[in-house]
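Printed here is target.cif (mmCIF, C-alpha atoms):
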```cif
data_protein
#
loop_
_atom_site.label_atom_id
_atom_site.label_comp_id
_atom_site.auth_asym_id
_atom_site.auth_seq_id
_atom_site.Cartn_x
_atom_site.Cartn_y
_atom_site.Cartn_z
CA MET A 1 32.98 -34.28 14.35
CA TRP A 2 32.35 -30.98 16.10
CA TRP A 3 31.37 -32.17 19.56
CA VAL A 4 33.51 -31.04 22.47
CA SER A 5 32.83 -32.21 26.01
CA GLY A 6 31.76 -29.52 28.43
CA ILE A 7 29.60 -28.96 31.50
CA VAL A 8 26.48 -26.93 30.82
CA PRO A 9 25.58 -24.87 33.88
CA PRO A 10 21.92 -24.57 34.97
CA MET A 11 19.89 -21.98 33.12
CA PRO A 12 19.09 -18.90 35.21
CA GLU A 13 15.49 -18.46 36.27
CA VAL A 14 15.25 -14.68 36.55
CA HIS A 15 16.09 -12.16 33.85
CA ASN A 16 15.99 -8.43 34.22
CA GLU A 17 16.21 -6.22 31.17
CA PRO A 18 19.94 -5.49 30.74
CA GLU A 19 21.23 -1.95 30.50
CA ASP A 20 22.98 -2.63 27.20
CA ILE A 21 19.63 -3.49 25.59
CA LYS A 22 19.72 0.19 24.65
CA ARG A 23 22.25 -0.71 21.97
CA CYS A 24 19.33 -1.98 19.87
CA PRO A 25 18.47 0.54 17.12
CA SER A 26 15.02 1.20 18.62
CA ILE A 27 12.86 -0.14 21.42
CA PRO A 28 9.58 -1.89 20.47
CA ASP A 29 6.21 -0.67 21.70
CA ALA A 30 5.13 -1.58 25.21
CA ASP A 31 2.88 -4.48 24.17
CA VAL A 32 5.62 -6.04 22.04
CA ARG A 33 8.14 -5.59 24.86
CA GLU A 34 5.78 -7.37 27.22
CA ARG A 35 5.47 -10.31 24.80
CA ILE A 36 9.25 -10.49 24.56
CA HIS A 37 9.71 -10.33 28.34
CA THR A 38 7.21 -13.17 28.69
CA LEU A 39 9.18 -15.09 26.06
CA TRP A 40 12.38 -14.62 28.08
CA ASP A 41 10.66 -15.91 31.23
CA GLN A 42 9.28 -18.94 29.41
CA LEU A 43 12.66 -19.66 27.86
CA SER A 44 14.30 -19.71 31.27
CA ASP A 45 11.84 -22.41 32.42
CA PHE A 46 13.59 -24.99 30.20
CA ASP A 47 16.36 -26.82 32.01
CA ALA A 48 19.79 -27.45 30.52
CA ALA A 49 18.83 -30.93 29.30
CA GLN A 50 16.02 -29.41 27.20
CA ILE A 51 18.21 -27.15 25.08
CA ASP A 52 16.82 -28.50 21.78
CA ASP A 53 13.24 -27.96 22.93
CA ALA A 54 14.16 -24.49 24.16
CA LEU A 55 15.68 -23.61 20.79
CA THR A 56 12.59 -24.84 18.93
CA PHE A 57 10.40 -22.78 21.26
CA LEU A 58 12.51 -19.67 20.68
CA LEU A 59 12.56 -20.06 16.89
CA GLN A 60 8.79 -20.52 16.81
CA SER A 61 8.27 -17.51 19.07
CA LEU A 62 10.48 -15.29 16.91
CA CYS A 63 8.45 -16.27 13.84
CA GLU A 64 5.23 -15.40 15.63
CA LEU A 65 6.55 -11.98 16.67
CA VAL A 66 7.09 -10.87 13.06
CA ASN A 67 4.76 -13.18 11.14
CA SER A 68 7.43 -15.35 9.50
CA GLN A 69 7.40 -18.92 8.18
CA ASN A 70 10.83 -20.19 9.15
CA ALA A 71 13.88 -19.44 11.28
CA ASP A 72 17.26 -20.93 12.02
CA TRP A 73 20.10 -20.82 14.51
CA ILE A 74 23.72 -20.97 13.36
CA GLY A 75 26.66 -21.64 15.67
CA VAL A 76 29.67 -19.86 14.18
CA VAL A 77 33.32 -20.29 15.22
CA ARG A 78 36.59 -18.81 14.01
CA LEU A 79 39.23 -21.33 12.99
CA PRO A 80 42.79 -20.75 11.79
CA ASP A 81 42.70 -19.36 8.25
CA SER A 82 43.13 -22.46 6.14
CA LEU A 83 42.99 -20.66 2.78
CA PRO A 84 45.44 -18.06 1.51
CA ARG A 85 42.55 -15.68 0.83
CA ASP A 86 39.74 -16.89 3.03
CA PRO A 87 36.86 -14.44 2.35
CA VAL A 88 35.50 -14.85 5.89
CA HIS A 89 38.86 -15.06 7.71
CA GLY A 90 38.39 -18.46 9.30
CA TRP A 91 34.77 -18.13 10.40
CA ARG A 92 32.77 -21.32 9.81
CA PRO A 93 29.15 -22.43 10.58
CA PRO A 94 29.51 -26.05 11.75
CA VAL A 95 26.00 -26.19 13.25
CA VAL A 96 22.78 -25.03 11.56
CA ARG A 97 19.36 -25.78 13.06
CA PHE A 98 16.15 -24.86 11.18
CA LEU A 99 12.71 -24.63 12.73
CA HIS A 100 11.24 -26.26 9.61
CA PRO A 101 14.04 -28.12 7.82
CA ASN A 102 13.48 -29.68 4.43
CA GLU A 103 15.77 -31.31 1.91
CA LYS A 104 15.97 -28.28 -0.38
CA VAL A 105 16.95 -25.94 2.46
CA MET A 106 19.52 -28.35 3.90
CA ALA A 107 20.98 -29.06 0.45
CA ALA A 108 21.44 -25.30 0.01
CA VAL A 109 23.23 -25.13 3.37
CA ARG A 110 25.54 -28.00 2.42
CA GLU A 111 26.35 -26.43 -0.95
CA GLN A 112 27.14 -23.04 0.58
CA THR A 113 29.39 -24.74 3.14
CA ARG A 114 31.19 -26.61 0.37
CA GLN A 115 31.72 -23.38 -1.56
CA LEU A 116 33.02 -21.67 1.56
CA GLU A 117 35.69 -24.36 1.95
CA SER A 118 36.70 -23.62 -1.64
CA GLY A 119 37.15 -19.92 -0.87
CA VAL A 120 33.85 -18.77 -2.37
CA ALA A 121 31.42 -16.71 -0.27
CA ASP A 122 28.48 -14.49 -1.10
CA ALA A 123 28.53 -10.75 -0.40
CA VAL A 124 25.80 -10.89 2.28
CA PRO A 125 27.49 -13.30 4.74
CA VAL A 126 30.84 -11.63 4.04
CA SER A 127 29.33 -8.27 5.05
CA ILE A 128 27.78 -9.67 8.23
CA ILE A 129 30.93 -11.54 9.25
CA ALA A 130 33.05 -8.45 8.57
CA MET A 131 31.30 -6.83 11.54
CA SER A 132 32.11 -9.70 13.91
CA GLY A 133 32.75 -8.79 17.51
CA CYS A 134 29.68 -6.59 17.99
CA PHE A 135 25.99 -7.27 18.34
CA ARG A 136 24.20 -6.56 15.06
CA ALA A 137 20.91 -7.04 13.25
CA HIS A 138 20.35 -6.68 9.51
CA ARG A 139 17.72 -7.26 6.89
CA LEU A 140 18.94 -8.50 3.54
CA CYS A 141 18.48 -5.04 2.04
CA ASP A 142 20.70 -3.55 4.77
CA VAL A 143 23.76 -5.51 3.63
CA ALA A 144 23.10 -6.66 0.05
CA PRO A 145 24.99 -4.84 -2.71
CA GLU A 146 23.20 -3.26 -5.64
CA GLY A 147 21.70 -5.86 -7.96
CA TRP A 148 21.99 -8.68 -5.42
CA PHE A 149 18.26 -9.45 -5.47
CA GLU A 150 18.57 -10.23 -9.18
CA SER A 151 21.57 -12.50 -8.65
CA ASP A 152 21.76 -16.26 -9.16
CA PHE A 153 22.74 -16.63 -5.51
CA TYR A 154 19.52 -15.01 -4.28
CA ARG A 155 17.39 -17.07 -6.64
CA SER A 156 19.20 -20.34 -5.83
CA TYR A 157 19.66 -20.08 -2.07
CA TYR A 158 16.72 -17.92 -1.00
CA GLN A 159 13.80 -17.89 -3.42
CA SER A 160 14.14 -21.54 -4.44
CA CYS A 161 13.95 -22.43 -0.73
CA GLY A 162 10.81 -20.34 -0.19
CA HIS A 163 12.65 -17.44 1.43
CA ASP A 164 12.08 -14.01 -0.12
CA ASP A 165 13.52 -11.96 2.74
CA ALA A 166 15.49 -12.47 5.94
CA ILE A 167 16.63 -10.82 9.14
CA TYR A 168 19.95 -11.91 10.62
CA VAL A 169 20.88 -11.20 14.23
CA ALA A 170 24.43 -11.96 15.40
CA PHE A 171 25.51 -12.15 19.05
CA PRO A 172 29.25 -12.39 19.83
CA ILE A 173 30.20 -14.51 22.84
CA ASN A 174 33.94 -14.03 22.46
CA GLN A 175 36.43 -13.31 19.67
CA ASP A 176 36.10 -16.84 18.29
CA ALA A 177 32.43 -17.74 18.75
CA GLU A 178 29.16 -16.09 17.74
CA SER A 179 25.49 -17.07 17.78
CA TYR A 180 23.41 -16.20 14.69
CA PHE A 181 19.65 -16.26 14.24
CA GLY A 182 17.94 -15.98 10.85
CA ILE A 183 14.24 -15.24 10.39
CA PHE A 184 12.71 -15.82 6.95
CA ARG A 185 9.69 -14.69 4.98
CA GLY A 186 8.33 -16.03 1.73
CA ASN A 187 5.16 -16.89 -0.17
CA GLY A 188 4.64 -13.36 -1.41
CA GLN A 189 4.85 -11.68 2.01
CA PRO A 190 6.11 -8.09 2.14
CA PRO A 191 9.76 -7.43 3.02
CA PHE A 192 10.70 -6.95 6.65
CA THR A 193 10.44 -3.43 8.00
CA VAL A 194 12.98 -1.57 10.11
CA ARG A 195 10.66 -1.93 13.11
CA GLU A 196 10.51 -5.72 12.65
CA ARG A 197 14.29 -5.92 12.39
CA ASP A 198 14.60 -3.93 15.60
CA THR A 199 12.03 -6.16 17.32
CA MET A 200 14.20 -9.19 16.54
CA ALA A 201 17.26 -7.33 17.80
CA TYR A 202 15.51 -6.51 21.07
CA ALA A 203 14.25 -10.08 21.53
CA LEU A 204 17.71 -11.60 21.06
CA ARG A 205 19.86 -8.93 22.71
CA GLY A 206 18.67 -9.68 26.25
CA ILE A 207 19.47 -13.42 26.39
CA LYS A 208 23.24 -13.73 26.27
CA TRP A 209 22.95 -16.64 28.71
CA PHE A 210 20.95 -18.60 26.13
CA HIS A 211 23.32 -17.85 23.24
CA ARG A 212 26.11 -19.17 25.47
CA GLN A 213 24.09 -22.27 26.36
CA LEU A 214 23.51 -23.04 22.67
CA LEU A 215 27.20 -22.85 21.85
CA LEU A 216 28.16 -24.89 24.90
CA SER A 217 25.60 -27.60 24.22
CA HIS A 218 26.86 -28.01 20.65
CA GLY A 219 30.51 -28.11 21.70
CA LEU A 220 31.36 -24.76 20.11
CA LEU A 221 32.37 -22.77 23.17
CA ILE A 222 35.51 -23.74 25.04
CA ALA A 223 35.96 -20.59 27.10
CA GLU A 224 34.58 -17.09 27.62
CA LYS A 225 37.82 -15.55 26.41
CA ALA A 226 39.28 -15.86 22.94
CA MET A 227 40.93 -19.18 22.12
CA THR A 228 44.69 -19.49 21.86
CA PRO A 229 46.15 -20.59 18.49
CA VAL A 230 46.62 -24.11 19.87
CA GLU A 231 42.98 -24.27 21.04
CA ARG A 232 41.83 -23.12 17.60
CA GLN A 233 43.87 -25.88 15.97
CA VAL A 234 42.32 -28.48 18.29
CA LEU A 235 38.81 -27.21 17.55
CA GLN A 236 39.49 -27.26 13.82
CA HIS A 237 40.50 -30.93 14.00
CA LEU A 238 37.34 -31.73 15.97
CA LEU A 239 35.11 -29.93 13.48
CA THR A 240 36.70 -31.42 10.38
CA GLY A 241 37.09 -34.94 11.80
#
```
Can you dump the structure from the file as structure tokens?
Amino acid sequence: MWWVSGIVPPMPEVHNEPEDIKRCPSIPDADVRERIHTLWDQLSDFDAAQIDDALTFLLQSLCELVNSQNADWIGVVRLPDSLPRDPVHGWRPPVVRFLHPNEKVMAAVREQTRQLESGVADAVPVSIIAMSGCFRAHRLCDVAPEGWFESDFYRSYYQSCGHDDAIYVAFPINQDAESYFGIFRGNGQPPFTVRERDTMAYALRGIKWFHRQLLLSHGLLIAEKAMTPVERQVLQHLLTG
């Protein structure tokens, strides 16, 4: 199993807009910023024991901000490279939480995880993981290679699950742990715009405390600093059982 014991500190109650929010590609309009600031305040009202409710609230709020049908959170950790040519260099997603899970979506997640353990990974996650260590936000079209939207992978793991487009936002906590959010559109909706991608980046850039809480509560964050090789080995055994 992937659970690691840890003490979750109380969630802070006050959040000022951080200076490094300027790293987002663009700043949303004033009314959108106000909605996001209200979201941050409401998120901080959940106590540490309500982390699942807080995550559901955040996923729903992100969908409402950009008119999307579904969203997920992925806890990602870096383990010792167990394959000679691991395409994602030890990064694994042991925890995936969807706002609206269904059997087709979860079966797709399980199949992609199985393929990853066999050394097979799609170009989109490989591209996103290759930029690990920095905050980033991408639409599918920002990272997909030419012809990808006609590929079997896109048809099998996106369209068949009701997802025509996605935005992925990745927040690094340390060199071995990152927090990912995915926001999905389908049912004939138009693709995400650059402005919508940047809105998601802004909404998720200012809540490092919550990304940390998510990883802690799911046993995926042992320390703020990078893990030692021994700590990585211990975490790998916990995640693989």
Smallest atom-to-atom distance to Ala137 in chain A: which of A:Pro172, A:Pro191, A:Gly186, A:Gly90, using only C-alpha atoms? A:Pro172
Using all atoms listed in the file: which of A:Leu220, A:Val120, A:Met106, A:Val76 has the shortest distance to Gly133 in chain A: A:Val76
To one decimal place, how far is CA of Leu55 in chain A from CA of Arg212 in chain A in Å?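 Between these atoms lies a distance of 12.3 Å.
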Among listed residues A:Phe171, A:Tyr180, A:Trp91, A:Trp209, nearest Ile74 in chain A (using all atoms listed in the file): A:Tyr180
For Phe98 in chain A, work out the shell of residues within 10 Å, counting all atoms listed in the file and skipping chain neighbours fewer than 5 positions away, then give it as a PyMOL selection string. chain A and resi 55-56+59+70-74+105-106+181-183
Contact table range 133-218 of chain A vs range 108-118 of chain A, cut-off 9 Å, shortest pair per residue, only C-alpha atoms, as a Markdown table:
```
| residue | atom | partner | partner_atom | distance |
| --- | --- | --- | --- | --- |
| A:Ser156 | CA | A:Ala108 | CA | 8.0 |
| A:Tyr157 | CA | A:Ala108 | CA | 5.9 |
| A:Tyr158 | CA | A:Ala108 | CA | 8.8 |
| A:Cys161 | CA | A:Ala108 | CA | 8.1 |
```
Excluding Trp148 in chain A and residues on its chain fewer than 6 positions from it, collect all residues at most 10 Å away from it, counting all atoms listed in the file, and give them as a list in words.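 The residues satisfying every condition are Asp122, Ala123, Val124, Leu140, Cys141, Tyr154 and Arg155 of chain A.
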Go ahead and write the residues just picked, C-alpha atoms, as a PDB file, in the frame of the given file.
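Result file again_39.pdb:
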```
ATOM      1  CA  ASP A 122      28.480 -14.490  -1.100  1.00  0.00           C
ATOM      2  CA  ALA A 123      28.530 -10.750  -0.400  1.00  0.00           C
ATOM      3  CA  VAL A 124      25.800 -10.890   2.280  1.00  0.00           C
ATOM      4  CA  LEU A 140      18.940  -8.500   3.540  1.00  0.00           C
ATOM      5  CA  CYS A 141      18.480  -5.040   2.040  1.00  0.00           C
ATOM      6  CA  TYR A 154      19.520 -15.010  -4.280  1.00  0.00           C
ATOM      7  CA  ARG A 155      17.390 -17.070  -6.640  1.00  0.00           C
TER       8      ARG A 155
END
```
Which residues come within 10 Å of Phe210 in chain A, counting only C-alpha atoms, excluding same-chain residues fewer than 2 positions away, as a PyMOL selection string? chain A and resi 11-12+40+43-44+48+51+54-55+179+204+206-208+212-216
Please, could you write that set of residues out with C-alpha atoms as a PDB file, in the frame of the given file?
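What follows is the written file selection_19.pdb:
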```pdb
ATOM      1  CA  MET A  11      19.890 -21.980  33.120  1.00  0.00           C
ATOM      2  CA  PRO A  12      19.090 -18.900  35.210  1.00  0.00           C
ATOM      3  CA  TRP A  40      12.380 -14.620  28.080  1.00  0.00           C
ATOM      4  CA  LEU A  43      12.660 -19.660  27.860  1.00  0.00           C
ATOM      5  CA  SER A  44      14.300 -19.710  31.270  1.00  0.00           C
ATOM      6  CA  ALA A  48      19.790 -27.450  30.520  1.00  0.00           C
ATOM      7  CA  ILE A  51      18.210 -27.150  25.080  1.00  0.00           C
ATOM      8  CA  ALA A  54      14.160 -24.490  24.160  1.00  0.00           C
ATOM      9  CA  LEU A  55      15.680 -23.610  20.790  1.00  0.00           C
ATOM     10  CA  SER A 179      25.490 -17.070  17.780  1.00  0.00           C
ATOM     11  CA  LEU A 204      17.710 -11.600  21.060  1.00  0.00           C
ATOM     12  CA  GLY A 206      18.670  -9.680  26.250  1.00  0.00           C
ATOM     13  CA  ILE A 207      19.470 -13.420  26.390  1.00  0.00           C
ATOM     14  CA  LYS A 208      23.240 -13.730  26.270  1.00  0.00           C
ATOM     15  CA  ARG A 212      26.110 -19.170  25.470  1.00  0.00           C
ATOM     16  CA  GLN A 213      24.090 -22.270  26.360  1.00  0.00           C
ATOM     17  CA  LEU A 214      23.510 -23.040  22.670  1.00  0.00           C
ATOM     18  CA  LEU A 215      27.200 -22.850  21.850  1.00  0.00           C
ATOM     19  CA  LEU A 216      28.160 -24.890  24.900  1.00  0.00           C
TER      20      LEU A 216
END
```
Expansion of the PyMOL selection byres ((chain A and resi 93) around 7) into residues, as a PyMOL selection string: chain A and resi 74-77+92+94-96
What is the distance between CA of His218 in chain A and CA of Lys104 in chain A, in Å to one decimal? 23.7 Å
Taking the file as shown, find all residues satisfying the PyMOL selection byres ((chain A and resi 139) around 12) and write them as a ChimeraX atom specification. /A:124-125,127-128,136-138,140-144,164-170,181-185,191-201
Write the residues of the preceding selection, restricted to C-alpha atoms, as a PDB file, in the frame of the given file.
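Written file, result-v6.pdb:
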```
ATOM      1  CA  VAL A 124      25.800 -10.890   2.280  1.00  0.00           C
ATOM      2  CA  PRO A 125      27.490 -13.300   4.740  1.00  0.00           C
ATOM      3  CA  SER A 127      29.330  -8.270   5.050  1.00  0.00           C
ATOM      4  CA  ILE A 128      27.780  -9.670   8.230  1.00  0.00           C
ATOM      5  CA  ARG A 136      24.200  -6.560  15.060  1.00  0.00           C
ATOM      6  CA  ALA A 137      20.910  -7.040  13.250  1.00  0.00           C
ATOM      7  CA  HIS A 138      20.350  -6.680   9.510  1.00  0.00           C
ATOM      8  CA  LEU A 140      18.940  -8.500   3.540  1.00  0.00           C
ATOM      9  CA  CYS A 141      18.480  -5.040   2.040  1.00  0.00           C
ATOM     10  CA  ASP A 142      20.700  -3.550   4.770  1.00  0.00           C
ATOM     11  CA  VAL A 143      23.760  -5.510   3.630  1.00  0.00           C
ATOM     12  CA  ALA A 144      23.100  -6.660   0.050  1.00  0.00           C
ATOM     13  CA  ASP A 164      12.080 -14.010  -0.120  1.00  0.00           C
ATOM     14  CA  ASP A 165      13.520 -11.960   2.740  1.00  0.00           C
ATOM     15  CA  ALA A 166      15.490 -12.470   5.940  1.00  0.00           C
ATOM     16  CA  ILE A 167      16.630 -10.820   9.140  1.00  0.00           C
ATOM     17  CA  TYR A 168      19.950 -11.910  10.620  1.00  0.00           C
ATOM     18  CA  VAL A 169      20.880 -11.200  14.230  1.00  0.00           C
ATOM     19  CA  ALA A 170      24.430 -11.960  15.400  1.00  0.00           C
ATOM     20  CA  PHE A 181      19.650 -16.260  14.240  1.00  0.00           C
ATOM     21  CA  GLY A 182      17.940 -15.980  10.850  1.00  0.00           C
ATOM     22  CA  ILE A 183      14.240 -15.240  10.390  1.00  0.00           C
ATOM     23  CA  PHE A 184      12.710 -15.820   6.950  1.00  0.00           C
ATOM     24  CA  ARG A 185       9.690 -14.690   4.980  1.00  0.00           C
ATOM     25  CA  PRO A 191       9.760  -7.430   3.020  1.00  0.00           C
ATOM     26  CA  PHE A 192      10.700  -6.950   6.650  1.00  0.00           C
ATOM     27  CA  THR A 193      10.440  -3.430   8.000  1.00  0.00           C
ATOM     28  CA  VAL A 194      12.980  -1.570  10.110  1.00  0.00           C
ATOM     29  CA  ARG A 195      10.660  -1.930  13.110  1.00  0.00           C
ATOM     30  CA  GLU A 196      10.510  -5.720  12.650  1.00  0.00           C
ATOM     31  CA  ARG A 197      14.290  -5.920  12.390  1.00  0.00           C
ATOM     32  CA  ASP A 198      14.600  -3.930  15.600  1.00  0.00           C
ATOM     33  CA  THR A 199      12.030  -6.160  17.320  1.00  0.00           C
ATOM     34  CA  MET A 200      14.200  -9.190  16.540  1.00  0.00           C
ATOM     35  CA  ALA A 201      17.260  -7.330  17.800  1.00  0.00           C
TER      36      ALA A 201
END
```
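For the residues A:Ile36, A:Val126, A:Met131, A:Ala121, ranking by smallest atom-to-atom distance to Leu58 in chain A using all atoms listed in the file places A:Ile36 first.
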Suppose you want the space between CA of Gly119 in chain A and CA of Pro84 in chain A; what is it in Å?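 So the answer is 8.8 Å.
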Given only C-alpha atoms as the basis, pick out the residue of A:Cys134, A:Gly162, A:Gln42, A:Ala30 nearest to Asn102 in chain A. A:Gly162
Final N, CA and C atoms of range 29-40 of chain A as a PDB file, in the frame of the given file:
```pdb
ATOM      1  N   ASP A  29       7.312  -1.198  20.902  1.00  0.00           N
ATOM      2  CA  ASP A  29       6.210  -0.670  21.700  1.00  0.00           C
ATOM      3  C   ASP A  29       6.013  -1.516  22.953  1.00  0.00           C
ATOM      4  N   ALA A  30       5.273  -0.943  23.907  1.00  0.00           N
ATOM      5  CA  ALA A  30       5.130  -1.580  25.210  1.00  0.00           C
ATOM      6  C   ALA A  30       4.512  -2.974  25.109  1.00  0.00           C
ATOM      7  N   ASP A  31       3.511  -3.169  24.250  1.00  0.00           N
ATOM      8  CA  ASP A  31       2.880  -4.480  24.170  1.00  0.00           C
ATOM      9  C   ASP A  31       3.821  -5.529  23.590  1.00  0.00           C
ATOM     10  N   VAL A  32       4.639  -5.119  22.619  1.00  0.00           N
ATOM     11  CA  VAL A  32       5.620  -6.040  22.040  1.00  0.00           C
ATOM     12  C   VAL A  32       6.706  -6.358  23.063  1.00  0.00           C
ATOM     13  N   ARG A  33       7.146  -5.350  23.808  1.00  0.00           N
ATOM     14  CA  ARG A  33       8.140  -5.590  24.860  1.00  0.00           C
ATOM     15  C   ARG A  33       7.613  -6.592  25.876  1.00  0.00           C
ATOM     16  N   GLU A  34       6.357  -6.462  26.244  1.00  0.00           N
ATOM     17  CA  GLU A  34       5.780  -7.370  27.220  1.00  0.00           C
ATOM     18  C   GLU A  34       5.753  -8.803  26.679  1.00  0.00           C
ATOM     19  N   ARG A  35       5.445  -8.967  25.404  1.00  0.00           N
ATOM     20  CA  ARG A  35       5.470 -10.310  24.800  1.00  0.00           C
ATOM     21  C   ARG A  35       6.883 -10.882  24.835  1.00  0.00           C
ATOM     22  N   ILE A  36       7.860 -10.024  24.568  1.00  0.00           N
ATOM     23  CA  ILE A  36       9.250 -10.490  24.560  1.00  0.00           C
ATOM     24  C   ILE A  36       9.700 -10.833  25.975  1.00  0.00           C
ATOM     25  N   HIS A  37       9.330 -10.029  26.949  1.00  0.00           N
ATOM     26  CA  HIS A  37       9.710 -10.330  28.340  1.00  0.00           C
ATOM     27  C   HIS A  37       9.081 -11.645  28.793  1.00  0.00           C
ATOM     28  N   THR A  38       7.847 -11.884  28.381  1.00  0.00           N
ATOM     29  CA  THR A  38       7.210 -13.170  28.690  1.00  0.00           C
ATOM     30  C   THR A  38       7.960 -14.311  28.016  1.00  0.00           C
ATOM     31  N   LEU A  39       8.387 -14.084  26.780  1.00  0.00           N
ATOM     32  CA  LEU A  39       9.180 -15.090  26.060  1.00  0.00           C
ATOM     33  C   LEU A  39      10.459 -15.400  26.828  1.00  0.00           C
ATOM     34  N   TRP A  40      11.157 -14.379  27.313  1.00  0.00           N
ATOM     35  CA  TRP A  40      12.380 -14.620  28.080  1.00  0.00           C
ATOM     36  C   TRP A  40      12.097 -15.465  29.327  1.00  0.00           C
TER      37      TRP A  40
END
```
